[in-house]
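Peer 1: Next up, work-v2.txt (compact mmCIF, C-alpha atoms).
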```txt
# COMPACT_ATOMS: atom_id res chain seq x y z
CA MET S 92 121.38 -33.05 294.43
CA VAL S 93 123.06 -30.74 296.92
CA LYS S 94 121.11 -28.63 299.34
CA GLN S 95 121.67 -26.66 302.51
CA LYS S 96 119.37 -26.77 305.49
CA GLU S 97 119.77 -24.21 308.25
CA ARG S 98 118.06 -25.25 311.46
CA ARG S 99 117.41 -22.71 314.17
CA PRO S 100 119.59 -20.06 312.56
CA GLY S 101 120.41 -17.16 314.83
CA SER S 102 122.55 -14.08 314.62
CA LYS S 103 124.17 -11.80 317.12
CA ALA S 104 125.23 -8.23 316.70
CA ALA S 105 128.80 -7.87 315.54
CA GLY S 106 131.00 -5.76 313.35
CA GLY S 107 129.55 -5.28 309.88
CA PRO S 108 130.56 -7.35 306.89
CA GLY S 109 132.70 -4.52 305.59
CA ALA S 110 134.72 -4.17 308.78
CA LYS S 111 138.42 -3.99 308.09
CA PRO S 112 140.51 -6.75 309.74
CA GLN S 113 142.86 -5.34 312.31
CA ARG S 114 146.52 -6.23 312.66
CA ASP S 115 146.67 -6.67 316.42
CA ALA S 116 149.52 -6.90 318.88
CA ARG S 117 151.01 -10.33 319.44
CA ARG S 118 151.18 -12.19 322.72
CA ASP S 119 154.34 -11.87 324.78
CA ALA S 120 154.58 -15.62 325.17
CA PRO S 121 154.37 -18.30 322.47
CA PHE S 122 151.21 -20.31 321.88
CA LYS S 123 151.17 -23.14 324.43
CA THR S 124 149.42 -26.47 324.40
CA GLY S 125 150.18 -27.55 327.95
CA LYS S 126 153.75 -28.47 327.02
CA PRO S 127 156.77 -26.29 326.27
CA PRO S 128 156.71 -25.30 322.60
CA ALA S 129 158.96 -27.43 320.46
CA LYS S 130 161.80 -25.86 318.56
CA PRO S 131 160.74 -25.46 314.92
CA ALA S 132 161.97 -28.24 312.70
CA ARG S 133 164.39 -27.24 309.99
CA ASP S 134 162.58 -26.65 306.71
CA THR S 135 164.13 -29.23 304.42
CA GLY S 136 161.54 -29.06 301.64
CA PRO S 137 158.95 -31.60 300.60
CA LYS S 138 160.49 -34.47 302.58
CA SER S 139 159.72 -32.64 305.84
CA ALA S 140 155.97 -33.00 305.29
CA PRO S 141 153.75 -34.09 308.19
CA ALA S 142 151.84 -37.30 307.96
CA ALA S 143 149.01 -37.81 305.57
CA ARG S 144 145.82 -38.03 307.49
CA ASP S 145 143.38 -40.85 307.65
CA ARG S 146 143.07 -40.45 303.87
CA GLY S 147 144.85 -43.38 302.34
CA GLU S 148 148.02 -43.58 304.39
CA ARG S 149 147.27 -41.85 307.62
CA ILE S 150 149.53 -44.00 309.73
CA SER S 151 152.84 -43.73 307.96
CA GLU S 152 154.93 -43.65 311.10
CA PRO S 153 158.69 -43.85 310.76
CA ARG S 154 160.27 -46.15 313.28
CA GLY S 155 163.15 -45.27 315.52
CA GLU S 156 162.76 -41.50 315.14
CA ALA S 157 161.83 -39.02 317.82
CA PRO S 158 158.57 -37.15 317.18
CA VAL S 159 158.93 -33.60 315.92
CA ALA S 160 156.10 -31.19 316.70
CA VAL S 161 154.75 -29.25 313.74
CA THR S 162 153.98 -26.16 315.82
CA SER S 163 156.27 -23.16 315.73
CA GLU S 164 157.18 -20.45 318.17
CA ARG S 165 155.00 -17.98 316.29
CA PRO S 166 152.65 -16.55 318.95
CA LEU S 167 148.92 -16.30 318.44
CA ILE S 168 147.73 -12.84 317.53
CA VAL S 169 145.58 -11.11 320.14
CA ARG S 170 142.38 -10.30 318.25
CA THR S 171 140.17 -7.36 319.16
CA GLY S 172 136.85 -6.11 317.87
CA GLU S 173 133.50 -7.80 317.68
CA ARG S 174 133.19 -11.46 316.87
CA PRO S 175 131.46 -12.24 313.57
CA MET S 176 127.74 -12.92 313.57
CA GLU S 177 126.80 -16.57 313.78
CA ARG S 178 124.47 -19.07 312.18
CA VAL S 179 124.05 -22.28 314.17
CA PRO S 180 123.30 -25.05 313.79
CA VAL S 181 123.67 -25.35 310.03
CA ILE S 182 123.15 -28.77 308.51
CA LEU S 183 124.73 -29.11 305.06
CA GLU S 184 123.07 -32.07 303.42
CA SER S 185 123.83 -34.04 300.28
CA LEU S 186 121.55 -36.58 298.63
CA GLY S 187 124.44 -37.55 296.39
CA ALA S 188 125.90 -36.04 293.25
CA GLY S 189 127.50 -37.22 290.06
CA ASP S 190 128.54 -40.86 290.33
CA PHE S 191 127.90 -41.12 294.09
CA HIS S 192 124.98 -41.74 296.41
CA LEU S 193 124.39 -43.45 299.76
CA ILE S 194 122.09 -46.41 299.20
CA ASP S 195 121.45 -47.64 302.75
CA SER S 196 123.04 -47.75 306.21
CA GLY S 197 122.73 -49.60 309.48
CA ASN S 198 124.37 -52.05 311.88
CA GLY S 199 127.53 -49.96 311.84
CA LEU S 200 127.87 -50.14 308.05
CA LYS S 201 127.01 -48.10 304.96
CA LEU S 202 126.17 -49.28 301.44
CA GLU S 203 127.29 -46.75 298.81
CA GLN S 204 127.18 -46.41 295.05
CA TYR S 205 130.40 -45.20 293.43
CA GLY S 206 129.92 -45.24 289.69
CA SER S 207 129.20 -48.81 288.65
CA TYR S 208 130.34 -50.30 291.99
CA ARG S 209 128.38 -50.87 295.18
CA VAL S 210 130.63 -50.65 298.20
CA VAL S 211 130.14 -51.64 301.87
CA ARG S 212 132.26 -49.84 304.47
CA PRO S 213 132.19 -49.46 308.27
CA GLU S 214 130.23 -46.52 309.69
CA ALA S 215 130.07 -46.37 313.50
CA GLN S 216 127.30 -43.73 313.52
CA ALA S 217 124.83 -45.97 311.66
CA LEU S 218 123.21 -47.23 314.87
CA TRP S 219 119.91 -48.28 313.30
CA GLN S 220 118.88 -51.32 311.30
CA PRO S 221 119.34 -51.38 307.50
CA SER S 222 116.27 -50.66 305.38
CA LEU S 223 117.19 -53.05 302.57
CA ALA S 224 117.32 -56.84 302.68
CA ALA S 225 120.53 -58.66 303.57
CA HIS S 226 120.93 -60.13 300.09
CA VAL S 227 121.23 -56.60 298.65
CA TRP S 228 124.15 -55.89 300.96
CA ASP S 229 125.72 -59.31 300.33
CA ASN S 230 125.63 -58.63 296.58
CA ALA S 231 127.93 -55.61 296.84
CA ASP S 232 130.94 -55.41 294.54
CA ALA S 233 133.41 -54.57 297.34
CA ILE S 234 133.24 -55.05 301.11
CA PHE S 235 135.83 -53.67 303.52
CA THR S 236 136.73 -56.18 306.22
CA GLY S 237 139.37 -56.70 308.86
CA ASP S 238 140.35 -53.94 311.27
CA THR S 239 137.46 -51.49 311.17
CA ASP S 240 138.92 -49.04 313.67
CA GLU S 241 139.12 -45.55 312.18
CA ASP S 242 142.91 -45.62 312.32
CA GLY S 243 143.32 -49.28 311.45
CA MET S 244 144.23 -51.13 308.31
CA GLY S 245 142.06 -53.78 306.74
CA ARG S 246 141.37 -55.46 303.45
CA TRP S 247 138.77 -55.54 300.71
CA ARG S 248 136.69 -58.55 299.74
CA PHE S 249 135.16 -58.75 296.26
CA PRO S 250 132.17 -61.15 296.36
CA ARG S 251 131.25 -60.91 292.67
CA GLU S 252 134.58 -60.72 290.86
CA ALA S 253 138.11 -59.49 291.41
CA LEU S 254 138.40 -55.73 290.87
CA GLY S 255 141.34 -53.51 290.08
CA GLU S 256 142.69 -50.94 292.49
CA THR S 257 141.10 -47.97 290.68
CA TRP S 258 138.02 -47.13 288.63
CA PRO S 259 136.73 -43.90 287.00
CA LEU S 260 134.32 -41.54 288.76
CA GLN S 261 132.92 -38.04 288.23
CA LEU S 262 131.65 -35.36 290.62
CA LEU S 263 130.74 -31.75 289.79
CA GLY S 264 131.97 -32.25 286.25
CA VAL S 265 135.45 -33.42 287.32
CA ASP S 266 136.81 -36.86 286.39
CA PHE S 267 138.94 -38.72 288.94
CA LEU S 268 139.82 -42.23 290.08
CA GLY S 269 138.14 -44.13 292.88
CA ARG S 270 140.66 -46.26 294.75
CA PHE S 271 140.43 -49.19 297.17
CA THR S 272 142.85 -48.34 300.01
CA ALA S 273 143.89 -50.32 303.06
CA PHE S 274 142.34 -47.62 305.27
CA ARG S 275 138.76 -48.21 304.05
CA HIS S 276 138.74 -44.97 302.02
CA VAL S 277 138.07 -44.75 298.28
CA GLY S 278 139.87 -41.58 297.23
CA VAL S 279 137.07 -39.07 297.78
CA PHE S 280 134.92 -37.80 300.66
CA PRO S 281 131.56 -37.15 298.97
CA GLU S 282 129.98 -35.39 301.95
CA GLN S 283 132.26 -32.46 301.10
CA ILE S 284 130.40 -31.98 297.82
CA VAL S 285 128.43 -29.25 299.62
CA HIS S 286 131.62 -27.28 300.31
CA TRP S 287 132.93 -27.86 296.80
CA ALA S 288 129.65 -26.76 295.22
CA TRP S 289 129.70 -23.60 297.36
CA MET S 290 133.31 -22.90 296.33
CA LYS S 291 132.52 -23.52 292.66
CA GLU S 292 129.67 -21.00 292.83
CA GLN S 293 131.92 -18.40 294.48
CA VAL S 294 134.63 -18.79 291.84
CA GLU S 295 132.23 -18.70 288.90
CA ALA S 296 130.35 -15.68 290.27
CA ALA S 297 133.44 -13.62 291.05
CA LYS S 298 134.22 -10.74 288.74
CA ARG S 299 137.93 -11.22 289.31
CA PRO S 300 140.48 -14.05 289.38
CA LEU S 301 140.43 -15.93 292.69
CA LYS S 302 143.23 -17.72 294.51
CA VAL S 303 142.27 -20.90 296.39
CA LEU S 304 144.40 -22.72 298.97
CA ASN S 305 143.50 -26.36 299.64
CA LEU S 306 145.28 -27.56 302.80
CA PHE S 307 145.45 -31.30 303.49
CA GLY S 308 144.17 -31.62 299.94
CA TYR S 309 144.31 -35.44 299.66
CA THR S 310 143.64 -36.68 296.10
CA GLY S 311 142.84 -33.27 294.66
CA VAL S 312 139.16 -33.47 293.72
CA ALA S 313 138.38 -30.13 295.42
CA SER S 314 141.43 -28.55 293.78
CA LEU S 315 140.32 -29.74 290.36
CA VAL S 316 136.77 -28.44 290.93
CA ALA S 317 138.14 -25.02 291.89
CA ALA S 318 140.57 -24.85 288.98
CA ALA S 319 137.95 -25.99 286.47
CA ALA S 320 135.70 -23.16 287.71
CA GLY S 321 138.44 -20.64 286.97
CA ALA S 322 140.51 -20.32 290.16
CA GLU S 323 144.25 -20.39 290.60
CA VAL S 324 144.82 -23.22 293.08
CA THR S 325 147.55 -24.17 295.53
CA HIS S 326 147.15 -27.75 296.76
CA VAL S 327 149.12 -28.83 299.85
CA ASP S 328 149.40 -32.34 301.24
CA ALA S 329 152.07 -34.13 303.27
CA SER S 330 151.79 -37.41 301.40
CA LYS S 331 153.78 -37.97 298.23
CA LYS S 332 151.40 -40.80 297.41
CA ALA S 333 148.34 -38.53 297.71
CA ILE S 334 150.01 -35.89 295.52
CA GLY S 335 150.72 -38.61 292.97
CA TRP S 336 147.06 -39.66 293.00
CA ALA S 337 146.01 -36.03 292.58
CA ARG S 338 148.21 -35.69 289.51
CA GLU S 339 146.71 -38.91 288.12
CA ASN S 340 143.27 -37.39 288.57
CA GLN S 341 144.38 -34.22 286.80
CA ALA S 342 145.70 -36.26 283.87
CA LEU S 343 142.56 -38.41 283.73
CA GLY S 344 140.43 -35.31 283.21
CA ARG S 345 142.92 -33.81 280.73
CA MET S 346 143.27 -30.83 283.06
CA GLU S 347 147.06 -30.53 283.01
CA LYS S 348 146.92 -26.94 281.75
CA LEU S 349 144.83 -25.72 284.68
CA PRO S 350 146.70 -23.44 287.12
CA ILE S 351 147.33 -25.81 290.03
CA ARG S 352 150.46 -25.90 292.19
CA TRP S 353 150.93 -29.33 293.79
CA ILE S 354 152.91 -28.88 297.02
CA CYS S 355 154.11 -31.90 299.04
CA GLU S 356 154.98 -30.30 302.37
CA ASP S 357 154.14 -29.79 306.01
CA ALA S 358 150.96 -27.68 305.96
CA MET S 359 152.01 -25.61 308.98
CA LYS S 360 155.44 -24.86 307.52
CA PHE S 361 153.86 -23.89 304.23
CA ILE S 362 151.35 -21.42 305.66
CA LEU S 363 153.96 -19.89 307.97
CA ARG S 364 156.15 -19.25 304.94
CA GLU S 365 153.21 -17.79 303.02
CA GLU S 366 152.54 -15.45 305.94
CA ARG S 367 156.17 -14.28 305.97
CA ARG S 368 156.08 -13.70 302.21
CA GLY S 369 152.80 -11.80 302.38
CA ASN S 370 150.98 -14.17 300.02
CA LYS S 371 147.17 -14.06 300.22
CA TYR S 372 144.26 -16.32 299.24
CA ASP S 373 140.59 -15.59 298.58
CA ILE S 374 139.30 -18.99 299.71
CA ILE S 375 141.02 -21.43 302.06
CA LEU S 376 139.82 -25.01 302.51
CA THR S 377 141.39 -26.91 305.39
CA ASP S 378 140.57 -30.51 306.32
CA PRO S 379 143.13 -31.53 308.95
CA PRO S 380 143.38 -34.99 310.51
CA LYS S 381 142.77 -35.73 314.15
CA PHE S 382 146.33 -37.06 314.36
CA GLY S 383 149.15 -37.40 311.87
CA ARG S 384 152.78 -38.40 311.82
CA GLY S 385 155.08 -37.46 308.99
CA PRO S 386 158.01 -39.05 307.21
CA ASN S 387 160.50 -37.18 309.40
CA GLY S 388 158.60 -37.88 312.62
CA GLU S 389 156.53 -34.67 312.63
CA VAL S 390 153.45 -34.88 314.82
CA TRP S 391 150.09 -33.19 314.32
CA HIS S 392 147.42 -33.15 317.08
CA LEU S 393 144.19 -31.43 316.09
CA PHE S 394 143.24 -30.07 319.52
CA GLU S 395 146.74 -28.74 320.18
CA HIS S 396 147.59 -27.28 316.79
CA LEU S 397 144.28 -26.17 315.29
CA PRO S 398 144.16 -22.72 316.98
CA SER S 399 147.57 -21.83 315.59
CA MET S 400 146.71 -23.13 312.13
CA LEU S 401 143.50 -21.10 311.90
CA ASP S 402 145.29 -18.02 313.25
CA ILE S 403 147.85 -18.22 310.43
CA CYS S 404 145.11 -18.92 307.86
CA ARG S 405 143.37 -15.71 308.85
CA GLU S 406 146.58 -13.77 308.22
CA ILE S 407 146.89 -15.13 304.68
CA LEU S 408 143.29 -14.38 303.72
CA SER S 409 143.09 -11.61 301.14
CA PRO S 410 141.39 -8.29 302.02
CA LYS S 411 138.46 -9.36 299.81
CA ALA S 412 138.42 -13.00 300.94
CA LEU S 413 135.29 -15.05 300.30
CA GLY S 414 135.67 -17.82 302.84
CA LEU S 415 137.66 -19.93 305.29
CA VAL S 416 136.32 -23.49 305.56
CA LEU S 417 137.25 -26.02 308.26
CA THR S 418 136.12 -29.64 308.31
CA ALA S 419 136.84 -31.96 311.26
CA TYR S 420 136.41 -35.75 311.31
CA SER S 421 136.48 -38.39 314.01
CA ILE S 422 136.77 -36.14 317.04
CA ARG S 423 134.86 -36.33 320.30
CA ALA S 424 133.65 -32.77 320.34
CA SER S 425 130.65 -30.61 319.59
CA PHE S 426 130.63 -28.46 316.49
CA TYR S 427 130.43 -25.57 318.96
CA SER S 428 134.08 -26.14 319.88
CA ILE S 429 135.32 -25.32 316.37
CA HIS S 430 132.54 -22.75 315.90
CA GLU S 431 133.67 -20.62 318.83
CA LEU S 432 137.32 -21.05 317.84
CA MET S 433 136.51 -19.78 314.35
CA ARG S 434 134.60 -16.78 315.74
CA GLU S 435 137.50 -15.87 318.03
CA THR S 436 139.97 -16.27 315.16
CA MET S 437 137.90 -13.93 312.95
CA ARG S 438 137.33 -11.19 315.54
CA GLY S 439 137.18 -7.79 313.89
CA ALA S 440 136.75 -9.23 310.39
CA GLY S 441 132.98 -8.84 310.27
CA GLY S 442 131.00 -11.36 308.29
CA VAL S 443 129.41 -14.47 309.72
CA VAL S 444 130.53 -17.86 310.99
CA GLU S 445 128.20 -20.74 310.20
CA SER S 446 128.86 -24.11 311.79
CA GLY S 447 127.23 -27.50 312.19
CA GLU S 448 127.44 -30.89 310.55
CA LEU S 449 127.84 -32.39 307.11
CA VAL S 450 125.33 -35.17 306.48
CA ILE S 451 124.56 -37.51 303.61
CA ARG S 452 120.98 -38.68 303.17
CA GLU S 453 120.21 -42.19 302.01
CA ALA S 454 118.89 -42.25 298.47
CA GLY S 455 117.92 -45.90 297.96
CA LEU S 456 118.83 -48.21 295.12
CA ASP S 457 117.56 -45.75 292.54
CA GLY S 458 119.46 -42.80 293.99
CA LYS S 459 116.25 -40.78 294.24
CA THR S 460 114.43 -42.08 297.34
CA PRO S 461 115.31 -40.00 300.43
CA GLY S 462 115.87 -41.94 303.65
CA ARG S 463 117.75 -41.35 306.87
CA ALA S 464 120.50 -38.77 307.30
CA LEU S 465 123.97 -40.03 308.20
CA SER S 466 126.23 -37.56 309.98
CA THR S 467 129.78 -37.59 308.66
CA SER S 468 131.73 -34.66 310.12
CA LEU S 469 131.70 -31.27 311.83
CA PHE S 470 132.40 -28.05 309.99
CA SER S 471 132.81 -24.33 310.52
CA ARG S 472 132.87 -21.73 307.74
CA TRP S 473 133.56 -18.01 307.87
CA VAL S 474 132.15 -15.93 305.03
CA PRO S 475 132.26 -12.13 304.64
CA LYS S 476 128.48 -11.73 304.63
```
What does this structure look like when you write it as structure tokens?
Peer 2:
Amino acid sequence: MVKQKERRPGSKAAGGPGAKPQRDARRDAPFKTGKPPAKPARDTGPKSAPAARDRGERISEPRGEAPVAVTSERPLIVRTGERPMERVPVILESLGAGDFHLIDSGNGLKLEQYGSYRVVRPEAQALWQPSLAAHVWDNADAIFTGDTDEDGMGRWRFPREALGETWPLQLLGVDFLGRFTAFRHVGVFPEQIVHWAWMKEQVEAAKRPLKVLNLFGYTGVASLVAAAAGAEVTHVDASKKAIGWARENQALGRMEKLPIRWICEDAMKFILREERRGNKYDIILTDPPKFGRGPNGEVWHLFEHLPSMLDICREILSPKALGLVLTAYSIRASFYSIHELMRETMRGAGGVVESGELVIREAGLDGKTPGRALSTSLFSRWVPK
């Protein structure tokens, strides 16, 4: 079940939903992050991709190479006009969907159901005590152990029997593979079901073909959901391995004929090129890492590069765009930081920016017994009305 709770929603006067975005003058100086802007790296194609995030192979750092910033000398656009209206805080809550639900949490861990497997993984925000007995946790099919730091590698222990690397799962009608990775992740981030369900509804309700851009697309579940609903999808990720997994998921669901472009490239380079070419998208999903390092030494820092990324994303939104969605994990910040950035980015575009947190609610062993809510990430979403 997926539901949206809006707590203390408020709105402030702004330009109307139908306001036409303005093409404003650019700054005289390049966007700065406290350091001189790096010279743009030469675009050498897919091999120049920035690092995959903390999504399977986040720390794929080449040795002996100087870091290359992924920012460019493209200045930020000076936006004018009213900021969009706002809805805050918005809590997007999932009680699970398809083959997933959160069984229990506590003591810095979470017990989850993924298809036929029960999985235990670290979760620093689970500060309370577990609700279920210890023997339930000990009887899990897979337990992640070792380095439990968010950026660290570890290993899986299988108390009941040895398991293969992958197993089949389904969410929102899309088949894909769960996967035990060395970075604790399992090939899908189920808290984002609420964004995917919203996107699916937008695509199915549209009276026209929609183009969706999925930046930092990981293993492609969101891309497959959008394409299955009828959208033309462009999926961008820096990791060749993640793109390979995404193609496996497409083949598993016999969805090879769906209109999806799989692009293995630096996300910033890709959207800059799309801006130059005048290509537009109706919905953009972006889920950048806190930090990433690519195969050619490219470096991504969320707090330094996010304003530029969102600025470019606004420029490649279509005139009848339906949404720009940002999700942010593992950062020491309030959702207000990305909320106000999104509102500044969308000045003069009308609409509304809604921001808050994504949470998953415990559902018990039966998947139907609501318990505590576990916060997973921050988000901000602009929509035209």
Peer 1: Tell me, as a ChimeraX atom specification, which residues lie within 6 Å of segment 308-320 of chain S, counting all atoms listed in the file; anything in the same chain fewer than 6 positions away does not count.
Peer 2: /S:291,295,326-328,333,336-337
Peer 1: Go ahead and save the picked residues with C-alpha atoms, as a PDB file, in the frame of the given file.
Peer 2:
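Ended up saving to part-v5.pdb:
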```
ATOM      1  CA  LYS S 291     132.520 -23.520 292.660  1.00  0.00           C
ATOM      2  CA  GLU S 295     132.230 -18.700 288.900  1.00  0.00           C
ATOM      3  CA  HIS S 326     147.150 -27.750 296.760  1.00  0.00           C
ATOM      4  CA  VAL S 327     149.120 -28.830 299.850  1.00  0.00           C
ATOM      5  CA  ASP S 328     149.400 -32.340 301.240  1.00  0.00           C
ATOM      6  CA  ALA S 333     148.340 -38.530 297.710  1.00  0.00           C
ATOM      7  CA  TRP S 336     147.060 -39.660 293.000  1.00  0.00           C
ATOM      8  CA  ALA S 337     146.010 -36.030 292.580  1.00  0.00           C
TER       9      ALA S 337
END
```
Peer 1: If you count all atoms listed in the file, which residues fall within 7 Å of Thr325 of chain S, apart from same-chain ones fewer than 4 positions away, as a list of chain:residue names?
Peer 2: S:Val303, S:Leu304, S:Asn305, S:Ile351, S:Arg352, S:Trp353
Peer 1: Under the rule of at most 12 Å, produce a per-residue listing of segment 275-390 of chain S near segment 211-224 of chain S: chain, number, name, the closest pair of atoms, and the distance in Å, as JSON lines, using all atoms listed in the file.
Peer 2:
```
{"residue": "S:Arg275", "atom": "CA", "partner": "S:Arg212", "partner_atom": "CA", "distance": 6.7}
{"residue": "S:His276", "atom": "CA", "partner": "S:Arg212", "partner_atom": "CA", "distance": 8.5}
{"residue": "S:Val277", "atom": "CA", "partner": "S:Arg212", "partner_atom": "CA", "distance": 9.9}
```
Peer 1: I'd like to know which of S:Glu177, S:Asp373, S:Asp378, S:Glu448 is closest to Ala412 of chain S, using all atoms listed in the file.
Peer 2: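 Smallest separation from Ala412 of chain S among the options: S:Asp373.
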Peer 1: Do you have the atom CA of Gly462 of chain S-atom CA of Trp289 of chain S distance handy?
Peer 2: 23.8 Å
Peer 1: Identify which of the residues S:Leu268, S:Gly321, S:Leu413, S:Phe280 lies closest to Gln341 of chain S, counting only C-alpha atoms when measuring atom-to-atom distances.
Peer 2: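 Looking only at the distances to Gln341 of chain S, the closest residue turns out to be S:Leu268.
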Peer 1: Of the residues S:Ile422, S:Leu193, S:Val294, S:Leu183, which is the one nearest to Arg463 of chain S, using all atoms listed in the file?
Peer 2: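 Of S:Ile422, S:Leu193, S:Val294, S:Leu183, the one nearest Arg463 of chain S is S:Leu193, counting all atoms listed in the file.
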Peer 1: What is the distance, in Å and to one decimal place, between atom CA of Leu417 of chain S and atom CA of Phe470 of chain S?
Peer 2: 5.5 Å
Peer 1: Compile the contact shell of Ala188 of chain S as an mmCIF file with C-alpha atoms, in the frame of the given file: residues with an atom at most 12 Å away, counting only C-alpha atoms, same-chain residues fewer than 5 positions apart removed.
Peer 2:
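Output (out_0.cif):
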```cif
data_model
loop_
_atom_site.group_PDB
_atom_site.id
_atom_site.type_symbol
_atom_site.label_atom_id
_atom_site.label_comp_id
_atom_site.auth_asym_id
_atom_site.auth_seq_id
_atom_site.Cartn_x
_atom_site.Cartn_y
_atom_site.Cartn_z
ATOM 1 C CA MET S 92 121.380 -33.050 294.430
ATOM 2 C CA VAL S 93 123.060 -30.740 296.920
ATOM 3 C CA LYS S 94 121.110 -28.630 299.340
ATOM 4 C CA LEU S 193 124.390 -43.450 299.760
ATOM 5 C CA GLN S 204 127.180 -46.410 295.050
ATOM 6 C CA TYR S 205 130.400 -45.200 293.430
ATOM 7 C CA GLY S 206 129.920 -45.240 289.690
ATOM 8 C CA LEU S 260 134.320 -41.540 288.760
ATOM 9 C CA GLN S 261 132.920 -38.040 288.230
ATOM 10 C CA LEU S 262 131.650 -35.360 290.620
ATOM 11 C CA LEU S 263 130.740 -31.750 289.790
ATOM 12 C CA GLY S 264 131.970 -32.250 286.250
ATOM 13 C CA VAL S 265 135.450 -33.420 287.320
ATOM 14 C CA PHE S 280 134.920 -37.800 300.660
ATOM 15 C CA PRO S 281 131.560 -37.150 298.970
ATOM 16 C CA GLU S 282 129.980 -35.390 301.950
ATOM 17 C CA GLN S 283 132.260 -32.460 301.100
ATOM 18 C CA ILE S 284 130.400 -31.980 297.820
ATOM 19 C CA VAL S 285 128.430 -29.250 299.620
ATOM 20 C CA TRP S 287 132.930 -27.860 296.800
ATOM 21 C CA ALA S 288 129.650 -26.760 295.220
ATOM 22 C CA ILE S 451 124.560 -37.510 303.610
ATOM 23 C CA ARG S 452 120.980 -38.680 303.170
ATOM 24 C CA ALA S 454 118.890 -42.250 298.470
ATOM 25 C CA GLY S 458 119.460 -42.800 293.990
ATOM 26 C CA LYS S 459 116.250 -40.780 294.240
#
```
Peer 1: Go through S:His286, S:Gly441, S:Gly455, S:Gly197 and flag the residue nearest Val416 of chain S, using only C-alpha atoms for the distances.
Peer 2: S:His286
Peer 1: May I ask which of the residues S:Pro300, S:Gly447, S:Gly255, S:Pro461 is the closest one to Lys411 of chain S, counting all atoms listed in the file?
Peer 2: S:Pro300
Peer 1: Measuring atom to atom with only C-alpha atoms, identify which of S:Arg423, S:Arg170, S:Lys332, S:Arg178 is nearest to Ser446 of chain S.
Peer 2: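 Distance minimum relative to Ser446 of chain S lands on S:Arg178.
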Peer 1: Mind giving me the straight-line distance from atom CA of Ile407 of chain S to atom CA of Val443 of chain S in Å, one decimal?
Peer 2: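 Pair atom CA of Ile407 of chain S / atom CA of Val443 of chain S returns 18.2 Å.
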Peer 1: Edge lengths and centre in Å to one decimal, as AutoDock Vina command-line options, is what I'm after for the box along x, y and z that holds all listed atoms of segment 390-409 of chain S once 4 Å is added on each side.
Peer 2:
```
--center_x 148.3 --center_y -23.2 --center_z 310.7 --size_x 18.4 --size_y 31.3 --size_z 27.0
```
